[in-house]
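Novice: Please see the structure below; I have some questions.
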Amino acid sequence: MSIPAANWLIQNFGMVEFPNGPHTIPVGFGYRAPSGVIMIGLALVARDLVQRNAGKRAAIIAIVLGTGLSYFVAPQLAFASAVAFFIGEIADFAIYTPLANRNLAVAVLLSGIAGAIIDSLLFLQIAFGSTQYWIGNTIGKIWMSLAAFIVLLIIQRHAVSSHTTQ
């Protein structure tokens, strides 16, 4: 659901800086990004957790379903979403999959950063013919990966302290 929600936000929430451009929001450091950035940042984290809990096939099915639903919300953005997520998923498998069993928090953070860079470049170029918001889009997505990293660290530390006190 995060892919269609992101594409809806891009068309309806935030400020439009140029004709036919995406709606944008501030993401920090003086940068702006298409307003769907937070939902896609969440999707990058969710993709890793789906893969961990349900497998690679389930992660791919979720992406296909989300992209399909996106077509009904924003047909002009659905193709860009599909390409960006597909290529991002390849990078995710290369980074997240080998690291996940050693350190889940680090795997989510590093794959999220790689996914943010790849997804931002591809999506913006395909959807809008420009990478104008690339830095802001990447920053916004990395915020979500950092948030997930912190939450996962807290969970891991709590699990370790609970295990050692028993």
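Letters A, B, ... mark the chains of the structure tokens in the order given; residue numbers begin at 1 per chain; ligand numbers begin at 1, in order shown.
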Please provide as a PyMOL selection string all residues within 12 Å of Glu17 (chain A), with the sequence filter that same-chain residues fewer than 3 positions apart are discarded (counting only C-alpha atoms).
Specialist: chain A and resi 14+20-25+32-34+132-133
Novice: Residues at most 9 Å from region 57-70 of chain A, counting only C-alpha atoms, excluding those fewer than 4 positions away in the same chain, as JSON, numbers by chain?
Specialist: {"A": [1, 2, 3, 4, 5, 6, 7, 8, 46, 47, 48, 49, 50, 51, 52, 74, 75, 77, 78, 79, 81, 82, 85, 86, 89]}
Novice: Residues near Ile90 (chain A), anyone? I mean within 12 Å using only C-alpha atoms, not counting same-chain ones fewer than 5 positions away, as a PDB file with C-alpha atoms, in the first residue's frame.
Specialist:
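So the final result, stored in result_39.pdb, reads:
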ATOM      1  CA  ARG A  47      10.491  -4.724   1.847  1.00  0.00           C
ATOM      2  CA  LYS A  56      12.048 -13.122  -1.228  1.00  0.00           C
ATOM      3  CA  ALA A  59       8.653  -9.344  -1.149  1.00  0.00           C
ATOM      4  CA  ILE A  60       8.517  -9.448  -4.940  1.00  0.00           C
ATOM      5  CA  VAL A  83      11.225   0.119 -12.715  1.00  0.00           C
ATOM      6  CA  ALA A  84      12.709   1.870  -9.679  1.00  0.00           C
ATOM      7  CA  PHE A  85      11.486  -0.780  -7.261  1.00  0.00           C
ATOM      8  CA  ILE A  95      23.057  -6.031   0.193  1.00  0.00           C
ATOM      9  CA  TYR A  96      20.297  -6.963   2.638  1.00  0.00           C
ATOM     10  CA  THR A  97      20.131 -10.715   2.055  1.00  0.00           C
ATOM     11  CA  SER A 111      20.130  -1.711   1.936  1.00  0.00           C
ATOM     12  CA  ALA A 114      21.415   1.816  -1.489  1.00  0.00           C
ATOM     13  CA  GLY A 115      17.711   1.546  -2.278  1.00  0.00           C
ATOM     14  CA  ILE A 118      18.869   3.849  -6.809  1.00  0.00           C
ATOM     15  CA  ASP A 119      15.126   4.402  -6.385  1.00  0.00           C
TER      16      ASP A 119
END
Novice: Hey, can you check how far CA of Val108 (chain A) sits from CA of Ala148 (chain A)?
Specialist: 7.4 Å
Novice: Considering only strand (DSSP E or B) as DSSP defines it on the backbone, what residues of region 24-141 of chain A qualify? List them as an MDAnalysis selection string.
Specialist: chainID A and resid 24:28 31:34
Novice: Counting only C-alpha atoms, which residue out of A:Gly136, A:Arg102, A:Phe128, A:Met144 sits closest to Phe18 (chain A)?
Specialist: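 Using only C-alpha atoms, Phe18 (chain A) sits closest to A:Phe128.
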Novice: Please provide as a count of residues only all residues within 7 Å of Leu121 (chain A), with the sequence filter that same-chain residues fewer than 4 positions apart are discarded (counting only C-alpha atoms).
Specialist: 4
Novice: Out of region 6-72 of chain A, which residues get alpha helix (DSSP H) from DSSP, as number ranges by chain?
Specialist: A: 6-12, 37-54, 56-72
Novice: Hey, which of A:Gly88, A:Ile154, A:Ala94, A:Ala105 ends up closest to Leu122 (chain A)? Count only C-alpha atoms.
Specialist: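 Looking only at the distances to Leu122 (chain A), the closest residue turns out to be A:Gly88.
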Novice: Residues near Ile139 (chain A), anyone? I mean within 7 Å using only C-alpha atoms, not counting same-chain ones fewer than 4 positions away, as JSON, numbers by chain.
Specialist: {"A": [27, 135, 143]}
Novice: Using only C-alpha atoms, can you tell me which of A:Gly129, A:Gly55, A:Gly41, A:Gly30 comes closest to Ala80 (chain A)?
Specialist: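 For Ala80 (chain A), the nearest of the given residues is A:Gly129.
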